[in-house]
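For reference, model-v8.cif is printed below; it contains mmCIF, C-alpha atoms and all ligand atoms.
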data_data
#
loop_
_atom_site.label_atom_id
_atom_site.label_comp_id
_atom_site.auth_asym_id
_atom_site.auth_seq_id
_atom_site.Cartn_x
_atom_site.Cartn_y
_atom_site.Cartn_z
CA MET A 1 -17.91 30.38 -22.15
CA MET A 2 -15.87 28.22 -19.81
CA LYS A 3 -17.19 28.26 -16.25
CA ASN A 4 -13.83 28.33 -14.51
CA THR A 5 -13.95 24.52 -14.46
CA ILE A 6 -10.78 22.45 -14.12
CA LEU A 7 -10.38 18.85 -15.29
CA VAL A 8 -8.33 16.74 -12.89
CA THR A 9 -7.08 13.32 -14.04
CA GLY A 10 -6.31 10.65 -11.43
CA GLY A 11 -8.28 12.55 -8.79
CA ALA A 12 -9.21 9.36 -6.90
CA GLY A 13 -5.57 8.54 -6.13
CA PHE A 14 -3.42 9.69 -3.23
CA ILE A 15 -2.27 13.14 -4.39
CA GLY A 16 -5.19 13.76 -6.74
CA SER A 17 -7.77 13.27 -3.98
CA ASN A 18 -5.83 15.49 -1.56
CA PHE A 19 -5.67 18.07 -4.36
CA ILE A 20 -9.44 17.97 -5.03
CA LEU A 21 -10.29 18.18 -1.32
CA GLN A 22 -7.98 21.19 -0.93
CA TRP A 23 -9.27 22.78 -4.14
CA MET A 24 -12.90 22.53 -3.03
CA GLU A 25 -12.04 24.18 0.29
CA ARG A 26 -9.97 27.01 -1.09
CA GLU A 27 -11.06 27.71 -4.69
CA ALA A 28 -14.39 28.60 -6.27
CA GLY A 29 -14.36 26.77 -9.61
CA PRO A 30 -15.96 23.40 -10.39
CA VAL A 31 -13.85 20.23 -10.66
CA VAL A 32 -14.30 17.30 -13.02
CA ASN A 33 -12.41 14.20 -11.91
CA LEU A 34 -11.54 11.75 -14.70
CA ASP A 35 -10.23 8.51 -13.19
CA LYS A 36 -10.06 4.89 -14.33
CA LEU A 37 -10.25 3.63 -10.73
CA THR A 38 -7.33 1.24 -10.85
CA TYR A 39 -6.30 -0.51 -7.63
CA ALA A 40 -4.89 2.89 -6.52
CA GLY A 41 -8.06 4.89 -7.13
CA ASN A 42 -10.59 5.10 -4.32
CA LEU A 43 -13.74 7.22 -4.44
CA ARG A 44 -14.03 6.94 -0.67
CA ASN A 45 -11.21 9.50 -0.47
CA LEU A 46 -13.63 12.02 -1.98
CA GLU A 47 -16.74 11.28 0.10
CA ARG A 48 -16.51 14.73 1.71
CA VAL A 49 -17.13 16.46 -1.63
CA SER A 50 -19.12 13.88 -3.57
CA ALA A 51 -22.44 15.70 -3.00
CA ASP A 52 -21.04 19.15 -3.78
CA PRO A 53 -22.66 20.45 -6.99
CA ARG A 54 -19.25 21.78 -8.09
CA TYR A 55 -17.81 18.24 -8.19
CA THR A 56 -18.31 15.74 -11.06
CA PHE A 57 -16.80 12.27 -11.38
CA VAL A 58 -16.20 10.68 -14.79
CA HIS A 59 -15.15 7.03 -14.80
CA GLY A 60 -12.72 6.60 -17.68
CA ASP A 61 -9.26 5.90 -19.01
CA ILE A 62 -7.05 8.82 -20.08
CA ALA A 63 -5.73 6.60 -22.87
CA ASN A 64 -9.26 6.46 -24.38
CA ARG A 65 -9.32 9.47 -26.67
CA LYS A 66 -13.08 9.30 -27.18
CA ILE A 67 -13.74 9.62 -23.45
CA VAL A 68 -11.18 12.38 -23.03
CA GLY A 69 -12.55 14.31 -26.03
CA GLU A 70 -16.14 14.02 -24.74
CA CYS A 71 -15.04 15.10 -21.29
CA LEU A 72 -13.43 18.24 -22.70
CA ARG A 73 -16.39 19.06 -24.96
CA ASP A 74 -18.98 18.44 -22.22
CA HIS A 75 -17.25 20.33 -19.41
CA ARG A 76 -15.16 22.94 -21.28
CA PRO A 77 -12.45 23.31 -18.63
CA ARG A 78 -10.08 26.26 -18.43
CA ALA A 79 -7.29 23.92 -17.29
CA ILE A 80 -6.26 20.27 -17.06
CA VAL A 81 -4.35 19.13 -13.98
CA HIS A 82 -2.89 15.75 -14.91
CA PHE A 83 -2.12 13.40 -12.01
CA ALA A 84 -3.28 10.09 -13.51
CA ALA A 85 -0.44 7.58 -13.67
CA GLU A 86 0.81 4.23 -12.55
CA SER A 87 3.00 5.43 -9.69
CA HIS A 88 4.72 2.57 -7.84
CA VAL A 89 8.34 1.79 -8.76
CA ASP A 90 8.21 -1.83 -7.49
CA ARG A 91 5.13 -2.56 -9.60
CA SER A 92 6.90 -1.08 -12.64
CA ILE A 93 9.76 -3.53 -12.07
CA LEU A 94 7.44 -6.54 -11.83
CA GLY A 95 5.25 -5.44 -14.78
CA PRO A 96 6.05 -2.33 -16.81
CA ASP A 97 3.22 -2.63 -19.42
CA ASP A 98 0.61 -0.55 -17.61
CA PHE A 99 3.22 2.15 -16.96
CA ILE A 100 3.89 2.59 -20.66
CA ARG A 101 0.19 2.38 -21.52
CA THR A 102 -0.99 4.96 -19.01
CA ASN A 103 1.99 7.21 -18.34
CA VAL A 104 3.18 7.46 -21.95
CA GLY A 105 0.14 6.49 -24.08
CA GLY A 106 -2.35 8.10 -21.69
CA THR A 107 -0.44 11.38 -21.52
CA PHE A 108 -0.13 11.37 -25.31
CA ALA A 109 -3.89 10.84 -25.73
CA LEU A 110 -4.61 13.62 -23.26
CA LEU A 111 -2.21 15.98 -25.03
CA GLU A 112 -3.72 15.26 -28.44
CA GLU A 113 -7.29 15.82 -27.23
CA ALA A 114 -6.21 18.90 -25.26
CA ARG A 115 -4.54 20.32 -28.38
CA ALA A 116 -7.68 19.82 -30.50
CA TYR A 117 -9.86 21.37 -27.78
CA TRP A 118 -7.49 24.28 -27.16
CA THR A 119 -7.11 25.06 -30.87
CA ALA A 120 -10.88 25.52 -31.18
CA LEU A 121 -11.12 27.98 -28.25
CA THR A 122 -11.41 31.75 -28.71
CA ALA A 123 -8.15 33.73 -28.59
CA GLY A 124 -8.84 34.88 -25.01
CA GLU A 125 -9.66 31.38 -23.82
CA ARG A 126 -6.57 29.97 -25.53
CA GLU A 127 -4.43 32.55 -23.78
CA SER A 128 -5.62 31.60 -20.29
CA PHE A 129 -5.85 27.80 -20.80
CA ARG A 130 -3.26 25.64 -18.99
CA PHE A 131 -2.22 21.97 -19.21
CA LEU A 132 -0.47 21.20 -15.92
CA HIS A 133 1.48 17.94 -15.95
CA VAL A 134 2.35 16.51 -12.54
CA SER A 135 5.66 14.68 -12.62
CA THR A 136 8.38 13.40 -10.37
CA ASP A 137 11.97 14.05 -9.31
CA GLU A 138 12.79 10.44 -10.31
CA VAL A 139 13.21 11.55 -13.94
CA TYR A 140 16.57 13.06 -12.94
CA GLY A 141 18.02 9.70 -11.82
CA SER A 142 20.15 9.12 -8.75
CA LEU A 143 22.48 11.45 -6.80
CA GLY A 144 25.74 10.68 -4.99
CA PRO A 145 26.13 11.83 -1.37
CA GLY A 146 27.82 15.16 -2.21
CA ASP A 147 26.00 15.99 -5.45
CA PRO A 148 23.94 19.19 -5.67
CA ALA A 149 20.16 18.71 -5.50
CA PHE A 150 18.14 18.36 -8.74
CA SER A 151 17.35 21.70 -10.36
CA GLU A 152 15.12 22.33 -13.38
CA LYS A 153 18.33 22.29 -15.46
CA THR A 154 19.50 18.83 -14.34
CA ALA A 155 19.70 16.38 -17.27
CA TYR A 156 17.15 13.57 -17.34
CA ALA A 157 18.52 10.09 -16.45
CA PRO A 158 15.58 7.89 -15.41
CA ASN A 159 16.50 4.47 -14.02
CA SER A 160 13.29 2.48 -13.50
CA PRO A 161 10.49 1.66 -15.94
CA TYR A 162 8.31 4.00 -13.85
CA SER A 163 10.68 6.96 -14.03
CA ALA A 164 11.42 6.30 -17.71
CA SER A 165 7.69 6.38 -18.47
CA LYS A 166 7.32 9.65 -16.54
CA ALA A 167 10.35 11.11 -18.33
CA ALA A 168 8.79 10.17 -21.68
CA SER A 169 5.58 11.93 -20.69
CA ASP A 170 7.52 15.04 -19.60
CA HIS A 171 9.24 15.13 -22.99
CA LEU A 172 5.91 14.87 -24.80
CA VAL A 173 4.53 17.76 -22.76
CA ARG A 174 7.63 19.83 -23.53
CA ALA A 175 7.31 19.05 -27.25
CA TYR A 176 3.62 20.06 -27.34
CA HIS A 177 4.55 23.44 -25.96
CA HIS A 178 7.53 23.88 -28.26
CA THR A 179 5.82 22.68 -31.44
CA TYR A 180 2.17 23.65 -30.98
CA GLN A 181 2.49 26.36 -28.29
CA LEU A 182 0.06 24.42 -26.06
CA PRO A 183 0.32 26.38 -22.77
CA THR A 184 1.82 23.65 -20.60
CA LEU A 185 3.29 23.64 -17.09
CA THR A 186 5.28 20.75 -15.64
CA THR A 187 5.98 20.14 -11.96
CA ASN A 188 8.61 17.65 -10.72
CA CYS A 189 8.03 16.79 -7.09
CA SER A 190 9.85 14.68 -4.51
CA ASN A 191 8.39 11.91 -2.31
CA ASN A 192 4.96 12.73 -0.88
CA TYR A 193 3.42 11.41 2.31
CA GLY A 194 0.14 12.08 4.13
CA PRO A 195 -3.51 10.95 4.29
CA TYR A 196 -4.94 8.52 1.71
CA GLN A 197 -1.58 7.16 0.53
CA PHE A 198 -1.95 3.58 -0.64
CA PRO A 199 -0.06 1.28 1.77
CA GLU A 200 2.27 -0.15 -0.87
CA LYS A 201 4.47 2.96 -0.36
CA LEU A 202 7.11 3.19 2.36
CA ILE A 203 5.47 5.36 5.02
CA PRO A 204 1.93 3.90 5.18
CA LEU A 205 3.31 0.36 4.74
CA MET A 206 5.55 0.83 7.77
CA ILE A 207 2.79 2.39 9.90
CA LEU A 208 0.35 -0.44 9.17
CA ASN A 209 2.89 -3.26 9.51
CA ALA A 210 4.24 -1.85 12.79
CA ARG A 211 0.75 -1.62 14.27
CA ALA A 212 0.00 -5.21 13.28
CA GLY A 213 3.30 -6.57 14.65
CA LYS A 214 4.49 -7.49 11.15
CA THR A 215 8.09 -7.09 9.98
CA LEU A 216 9.19 -3.72 8.58
CA PRO A 217 10.98 -4.61 5.32
CA VAL A 218 13.80 -2.12 4.66
CA TYR A 219 15.46 -2.61 1.25
CA GLY A 220 19.24 -3.09 1.10
CA ASP A 221 21.19 -1.19 3.77
CA GLY A 222 18.40 1.34 4.36
CA GLN A 223 20.73 4.26 3.58
CA ASN A 224 18.91 5.37 0.41
CA VAL A 225 17.83 8.99 0.75
CA ARG A 226 14.49 10.49 -0.25
CA ASP A 227 13.39 14.12 0.07
CA TRP A 228 9.98 14.11 1.76
CA ILE A 229 7.14 16.59 1.32
CA TYR A 230 3.74 16.64 3.02
CA VAL A 231 1.04 16.07 0.39
CA GLY A 232 -0.88 19.25 1.35
CA ASP A 233 2.23 21.30 0.58
CA HIS A 234 2.57 19.62 -2.82
CA CYS A 235 -1.09 20.36 -3.61
CA GLU A 236 -0.62 23.99 -2.63
CA ALA A 237 2.42 24.18 -4.89
CA VAL A 238 0.41 22.75 -7.82
CA ARG A 239 -2.34 25.34 -7.23
CA THR A 240 0.32 28.07 -7.15
CA VAL A 241 1.93 26.93 -10.39
CA LEU A 242 -1.48 26.69 -12.05
CA ALA A 243 -2.35 30.24 -11.00
CA GLN A 244 0.98 31.95 -11.58
CA GLY A 245 3.38 29.67 -13.47
CA ARG A 246 4.71 30.79 -16.83
CA ALA A 247 3.51 28.65 -19.75
CA GLY A 248 6.19 26.29 -21.04
CA GLU A 249 8.10 26.29 -17.74
CA THR A 250 8.92 23.46 -15.34
CA TYR A 251 9.01 23.86 -11.56
CA ASN A 252 10.69 21.55 -9.06
CA ILE A 253 8.77 21.04 -5.80
CA GLY A 254 10.30 19.69 -2.61
CA GLY A 255 10.13 19.98 1.16
CA TRP A 256 13.84 20.31 2.03
CA ASN A 257 13.61 17.08 4.04
CA GLU A 258 16.29 14.62 2.99
CA LYS A 259 16.20 11.48 5.15
CA THR A 260 17.51 7.94 4.88
CA ASN A 261 14.90 5.19 4.83
CA VAL A 262 16.17 3.88 8.16
CA GLU A 263 15.67 7.32 9.72
CA ILE A 264 12.09 7.39 8.42
CA VAL A 265 11.26 3.93 9.73
CA GLU A 266 12.86 4.62 13.12
CA THR A 267 10.92 7.88 13.47
CA ILE A 268 7.66 6.06 12.73
CA CYS A 269 8.55 3.38 15.30
CA GLU A 270 9.34 5.95 18.01
CA LEU A 271 6.08 7.84 17.44
CA LEU A 272 4.08 4.60 17.48
CA ASP A 273 5.78 3.58 20.74
CA GLU A 274 4.41 6.84 22.16
CA PHE A 275 0.90 6.69 20.61
CA CYS A 276 0.25 2.92 20.68
CA PRO A 277 2.12 1.40 23.65
CA LYS A 278 -0.22 -1.63 23.66
CA ASP A 279 0.64 -2.79 20.13
CA PRO A 280 1.69 -6.47 19.77
CA VAL A 281 5.44 -5.76 19.46
CA ILE A 282 7.06 -3.01 21.58
CA PRO A 283 9.38 -1.32 20.89
CA HIS A 284 8.20 -1.26 17.27
CA ARG A 285 11.81 -0.96 16.04
CA ASN A 286 12.33 -4.64 16.86
CA LEU A 287 10.32 -5.33 13.72
CA ILE A 288 12.83 -3.65 11.39
CA THR A 289 14.11 -6.24 8.90
CA PHE A 290 16.68 -5.66 6.16
CA VAL A 291 15.55 -7.41 2.98
CA LYS A 292 16.83 -7.90 -0.55
CA ASP A 293 17.32 -4.59 -2.34
CA ARG A 294 15.09 -3.15 -5.08
CA PRO A 295 16.74 -3.81 -8.49
CA GLY A 296 18.34 -0.60 -9.81
CA HIS A 297 17.46 1.17 -6.53
CA ASP A 298 18.23 4.92 -6.82
CA ARG A 299 20.51 5.96 -3.99
CA ARG A 300 19.53 9.53 -3.34
CA TYR A 301 16.97 12.12 -4.46
CA ALA A 302 17.06 15.77 -3.42
CA ILE A 303 15.09 18.69 -4.84
CA ASP A 304 16.34 22.23 -5.23
CA ALA A 305 13.06 24.16 -4.87
CA HIS A 306 14.57 27.63 -5.15
CA LYS A 307 12.88 28.47 -8.48
CA ILE A 308 9.29 28.04 -7.27
CA GLU A 309 10.14 29.75 -3.97
CA ARG A 310 11.80 32.71 -5.67
CA GLU A 311 9.44 33.19 -8.62
CA LEU A 312 6.08 32.13 -7.22
CA LYS A 313 6.66 32.70 -3.47
CA TRP A 314 5.53 29.16 -2.57
CA HIS A 315 7.09 27.60 0.54
CA PRO A 316 6.26 24.30 2.26
CA ARG A 317 4.34 24.81 5.52
CA GLU A 318 5.04 21.46 7.21
CA THR A 319 8.32 20.26 8.66
CA PHE A 320 8.87 16.51 8.51
CA GLU A 321 8.28 16.37 12.28
CA SER A 322 4.84 18.04 12.06
CA GLY A 323 3.82 16.24 8.84
CA ILE A 324 4.67 12.74 10.03
CA ARG A 325 2.72 13.22 13.27
CA LYS A 326 -0.35 14.36 11.30
CA THR A 327 0.04 11.40 8.95
CA ILE A 328 0.32 8.81 11.72
CA PHE A 329 -2.73 10.31 13.48
CA TRP A 330 -4.67 10.10 10.23
CA TYR A 331 -3.88 6.39 9.80
CA LEU A 332 -4.75 5.72 13.45
CA GLU A 333 -8.09 7.49 13.07
CA ASN A 334 -9.01 5.96 9.71
CA ASP A 335 -9.03 2.28 10.44
CA GLU A 336 -12.00 1.60 8.16
CA TRP A 337 -10.26 3.15 5.13
CA THR A 338 -7.18 1.08 5.83
CA LYS A 339 -9.14 -2.17 6.24
CA GLU A 340 -10.93 -1.56 2.98
CA VAL A 341 -7.83 -0.85 0.89
CA THR A 342 -5.78 -3.66 2.41
CA SER A 343 -8.29 -6.39 1.62
CA GLY A 344 -8.32 -8.64 -1.46
CA ALA A 345 -5.96 -7.62 -4.24
CA TYR A 346 -3.67 -5.71 -1.90
CA ARG A 347 -2.82 -8.88 0.01
CA GLN A 348 -1.94 -10.70 -3.19
CA TRP A 349 0.41 -7.83 -4.15
CA VAL A 350 2.17 -7.92 -0.76
CA GLU A 351 2.66 -11.68 -1.00
CA LYS A 352 4.11 -11.46 -4.52
CA GLN A 353 6.27 -8.41 -3.81
CA TYR A 354 7.89 -9.58 -0.58
CA ALA A 355 7.98 -13.37 -1.20
CA SER A 356 11.50 -13.33 -2.65
CA ARG A 357 12.84 -10.84 -0.13
CA SER A 358 13.69 -12.93 2.92
CA GLY A 359 15.32 -10.66 5.47
CA VAL A 360 17.46 -10.17 8.53
CA THR A 361 15.65 -8.77 11.56
CA ARG A 362 17.56 -6.08 13.32
CA ALA A 363 16.70 -6.81 16.93
P1 LIG B 401 -1.67 6.97 -7.17
O1 LIG B 401 -1.12 5.72 -7.73
O2 LIG B 401 -2.03 7.03 -5.74
O3 LIG B 401 -2.97 7.43 -7.99
C1 LIG B 401 -3.04 7.36 -9.38
C2 LIG B 401 -4.48 7.63 -9.80
O4 LIG B 401 -4.54 7.62 -11.23
C3 LIG B 401 -5.48 6.58 -9.31
O5 LIG B 401 -6.66 7.21 -8.86
C4 LIG B 401 -5.76 5.74 -10.55
O6 LIG B 401 -7.03 5.14 -10.55
C5 LIG B 401 -5.61 6.79 -11.64
N1 LIG B 401 -5.27 6.21 -12.95
C6 LIG B 401 -4.28 5.30 -13.21
N2 LIG B 401 -4.28 4.99 -14.51
C7 LIG B 401 -5.27 5.72 -15.10
C8 LIG B 401 -5.76 5.85 -16.42
N3 LIG B 401 -5.22 5.13 -17.43
N4 LIG B 401 -6.77 6.70 -16.67
C9 LIG B 401 -7.33 7.42 -15.66
N5 LIG B 401 -6.93 7.32 -14.38
C10 LIG B 401 -5.90 6.49 -14.10
O7 LIG B 401 -0.60 8.09 -7.54
P2 LIG B 401 -0.10 9.35 -6.69
O8 LIG B 401 0.95 8.92 -5.74
O9 LIG B 401 -1.29 10.08 -6.21
O10 LIG B 401 0.63 10.18 -7.86
C11 LIG B 401 -0.12 11.09 -8.66
C12 LIG B 401 0.81 11.72 -9.68
O11 LIG B 401 1.87 12.40 -9.01
C13 LIG B 401 1.51 10.71 -10.59
O12 LIG B 401 1.58 11.26 -11.88
C14 LIG B 401 2.90 10.54 -10.01
O13 LIG B 401 3.83 10.21 -11.00
C15 LIG B 401 3.14 11.93 -9.47
N6 LIG B 401 4.06 12.01 -8.31
C16 LIG B 401 3.86 11.23 -7.21
C17 LIG B 401 4.70 11.37 -6.10
C18 LIG B 401 4.52 10.54 -4.86
O14 LIG B 401 5.36 10.61 -3.98
N7 LIG B 401 3.45 9.78 -4.72
C19 LIG B 401 5.74 12.30 -6.14
C20 LIG B 401 5.92 13.08 -7.29
C21 LIG B 401 5.05 12.95 -8.37
O1 LIG B 402 10.41 10.67 -5.70
C1 LIG B 402 9.08 10.72 -6.07
C2 LIG B 402 8.52 9.32 -6.19
O2 LIG B 402 8.39 8.82 -4.86
C3 LIG B 402 7.19 9.25 -6.92
O3 LIG B 402 7.38 9.66 -8.24
C4 LIG B 402 6.62 7.83 -6.89
O4 LIG B 402 5.35 7.81 -7.47
C5 LIG B 402 6.52 7.38 -5.44
O5 LIG B 402 6.08 6.05 -5.38
C6 LIG B 402 7.88 7.53 -4.74
O6 LIG B 402 8.83 6.56 -5.25
P1 LIG B 402 9.83 5.77 -4.26
O7 LIG B 402 10.26 4.54 -4.92
O8 LIG B 402 10.86 6.69 -3.72
O9 LIG B 402 8.78 5.48 -3.05
P2 LIG B 402 8.51 4.19 -2.15
O10 LIG B 402 7.59 4.62 -1.07
O11 LIG B 402 8.15 2.99 -2.94
O12 LIG B 402 9.95 3.93 -1.51
C7 LIG B 402 10.61 4.93 -0.76
C8 LIG B 402 11.96 4.37 -0.35
O13 LIG B 402 11.76 3.29 0.58
C9 LIG B 402 12.75 3.76 -1.49
O14 LIG B 402 14.13 4.02 -1.30
C10 LIG B 402 12.48 2.26 -1.40
C11 LIG B 402 12.31 2.06 0.10
N1 LIG B 402 11.38 0.97 0.50
C12 LIG B 402 10.13 0.96 -0.04
C13 LIG B 402 9.23 -0.04 0.30
C14 LIG B 402 7.87 -0.08 -0.30
C15 LIG B 402 11.77 0.02 1.42
O15 LIG B 402 12.92 0.07 1.94
N2 LIG B 402 10.89 -0.96 1.77
C16 LIG B 402 9.64 -1.05 1.24
O16 LIG B 402 8.89 -2.01 1.58
#
Output the file's structure as structure tokens, nothing else.
Amino acid sequence: MMKNTILVTGGAGFIGSNFILQWMEREAGPVVNLDKLTYAGNLRNLERVSADPRYTFVHGDIANRKIVGECLRDHRPRAIVHFAAESHVDRSILGPDDFIRTNVGGTFALLEEARAYWTALTAGERESFRFLHVSTDEVYGSLGPGDPAFSEKTAYAPNSPYSASKAASDHLVRAYHHTYQLPTLTTNCSNNYGPYQFPEKLIPLMILNARAGKTLPVYGDGQNVRDWIYVGDHCEAVRTVLAQGRAGETYNIGGWNEKTNVEIVETICELLDEFCPKDPVIPHRNLITFVKDRPGHDRRYAIDAHKIERELKWHPRETFESGIRKTIFWYLENDEWTKEVTSGAYRQWVEKQYASRSGVTRA
């Protein structure tokens, strides 16, 4: 018999670790975390639960079918929650290989092993098993200013190697349901922010640079729009879909928080002026610098989250105002975490990524 165990992939990353921490607080079942520990994976995120007998870590690559197969046979989960991916658009532009290997090949390997495992279950176990694939709103492409938000019916039009690799994985998941009846669920979520986000992404990068008196590199004209959701709300939505979602369905998840990048950076600067008035450069907004745009930069994302709200009664709890305050406090209080993740390889990435993006400072 399965012991109510779930297998989480990519649980040492930003959203995966928030998900496991929330799961261990609110749910009873054991969690197995399968993670390769790339630059984005950090077991420190999970220190709070590492001694909990319900938590098991397996170091491994989702693209390695032997490891995935053993993991399924050893732990006999009732569900797989699949977060593992290469997730940063800029990295996918500089080097797409790992994105294809993990996001496409890794998801394929996981689906094949899940299918073999699921096929051998009893009828009752097969019925309740779920493969939940965590995906992104970027698969839908870019919106114009007056376009309606992305719904589950919006056609796919991915624009970056990252979003194309995620779109490919979504299609594979869809096909495994259609062809083999594997009980899949897919979620497409908008931009997350919150604790443990690796500082290559907009919000933590801006918080850390502003505190250190470094320039705040805004791509292009800064008018690109993203739809922000607090990571805890995303994790709650994933738990809701896992518990109540209909097999074979997709659910869009978003926080109803469309903001331009300049608005985001200015908000961070204003809050830091209030919380950290002794920082090297005050006001922090003097550090805003417009730099060369991201190639193929999507102009606007917006999620229509009506389906999950109507069918599963999930609603985001945080407003952007409450979520961003919590997030900034977390980064202020977790200096050690930040120092650790911004040493070594992170510095080399920042140098490579921003070297060719000389900018114009706003002040
Ligand atoms: P992340 O980059 O912070 O973490 C990814 C995790 O996956 C890391 O722990 C890494 O070690 C692990 N991993 C990478 N390749 C692996 C492999 N081959 N085998 C096993 N583990 C591997 O990513 P994130 O921001 O937490 O995103 C998690 C998932 O959510 C991704 O699938 C992403 O596409 C999706 N998503 C992210 C956002 C966002 O705003 N961050 C929004 C919507 C959807
Ligand atoms: O929409 C969901 C997606 O959101 C996820 O699928 C991705 O995994 C996640 O990385 C995120 O992608 P984005 O490209 O939107 O996130 P990022 O934080 O890299 O950038 C947010 C916006 O800020 C984007 O318009 C680019 C801009 N930006 C980013 C960086 C790193 C800047 O202007 N300057 C920067 O230095």
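Between atom C14 of ligand LIG 401 (chain B) and CA of Leu121 in chain A the separation is 28.9 Å.
Among all protein and nucleic acid residues, the ones that lie within 6 Å of ligand LIG 402 (chain B) when counting only C-alpha atoms and all ligand atoms are Ser87, His88, Val89, Thr136, Asp137, Glu138, Ser190, Asn191, Glu200, Lys201, Leu202, Pro217, Val218, Tyr219, Asn224 and Asn261 of chain A.
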Using all atoms listed in the file, which protein or nucleic acid residues come within 12 Å of Asp52 in chain A? Drop anything in the same chain fewer than 2 positions from it, and give the result as a PyMOL selection string.
chain A and resi 20-21+24-25+28-32+46-50+54-57
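The closest residue to Glu70 in chain A, picked from A:Asp293, A:Tyr117, A:Leu43, A:Asn252 and counting all atoms listed in the file, is A:Tyr117.
For the set A:Asp221, A:Asp233, A:Glu351, A:Glu127, the residue with the smallest atom-to-atom gap to ligand LIG 401 (chain B) is A:Asp233, counting only C-alpha atoms and all ligand atoms.
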Pick out the residues sitting within 9 Å of range 344-348 of chain A, and hand them over as a PyMOL selection string; count only C-alpha atoms, and ignore anything fewer than 5 positions along from it in its own chain.
chain A and resi 39+199-200+353
Near Asp35 in chain A, within 9 Å and counting only C-alpha atoms, which residues show up once chain neighbours fewer than 5 positions away are dropped, as a list of chain:residue names?
A:Val8, A:Thr9, A:Gly10, A:Gly11, A:Ala12, A:Gly13, A:Gly41, A:Phe57, A:Val58, A:His59, A:Gly60, A:Asp61, A:Ile62, A:Ala84
Please list as number ranges by chain every residue within 12 Å of Gly255 in chain A, counting only C-alpha atoms and excluding residues in the same chain fewer than 5 positions away.
A: 189-193, 226-234, 237, 301-306, 308-309, 314-321, 323
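You can rank A:Lys339, A:Arg310, A:Arg130, A:His284 by their closest distance to Ile80 in chain A using all atoms listed in the file, and at the top of that list sits A:Arg130.
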Nearest to Gly95 in chain A by atom-to-atom distance, counting all atoms listed in the file, from A:Arg126, A:Glu27, A:Ala120, A:Lys352:
A:Lys352
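Of the residues under consideration (A:Leu216, A:Leu7, A:Ala175, A:Ile264), A:Leu7 shows the shortest atom-to-atom contact distance to Ala79 in chain A when counting all atoms listed in the file.
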Set the distance at 12 Å and use all atoms listed in the file: which residues neighbour Asp97 in chain A once local chain neighbours fewer than 5 positions away are removed? I'd like the list as a ChimeraX atom specification.
/A:86,91-92,102-105,161-162,165
With distances taken over only C-alpha atoms, which residue among A:Glu311, A:Glu113, A:Glu266, A:Asp90 lies nearest Thr289 in chain A?
A:Glu266
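Pairwise distance (CA of Glu270 in chain A, atom O14 of ligand LIG 401 (chain B)) equals 22.8 Å.
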Atomic distance CA of Ser17 in chain A - atom O9 of ligand LIG 401 (chain B), expressed in Å with one decimal
7.6 Å
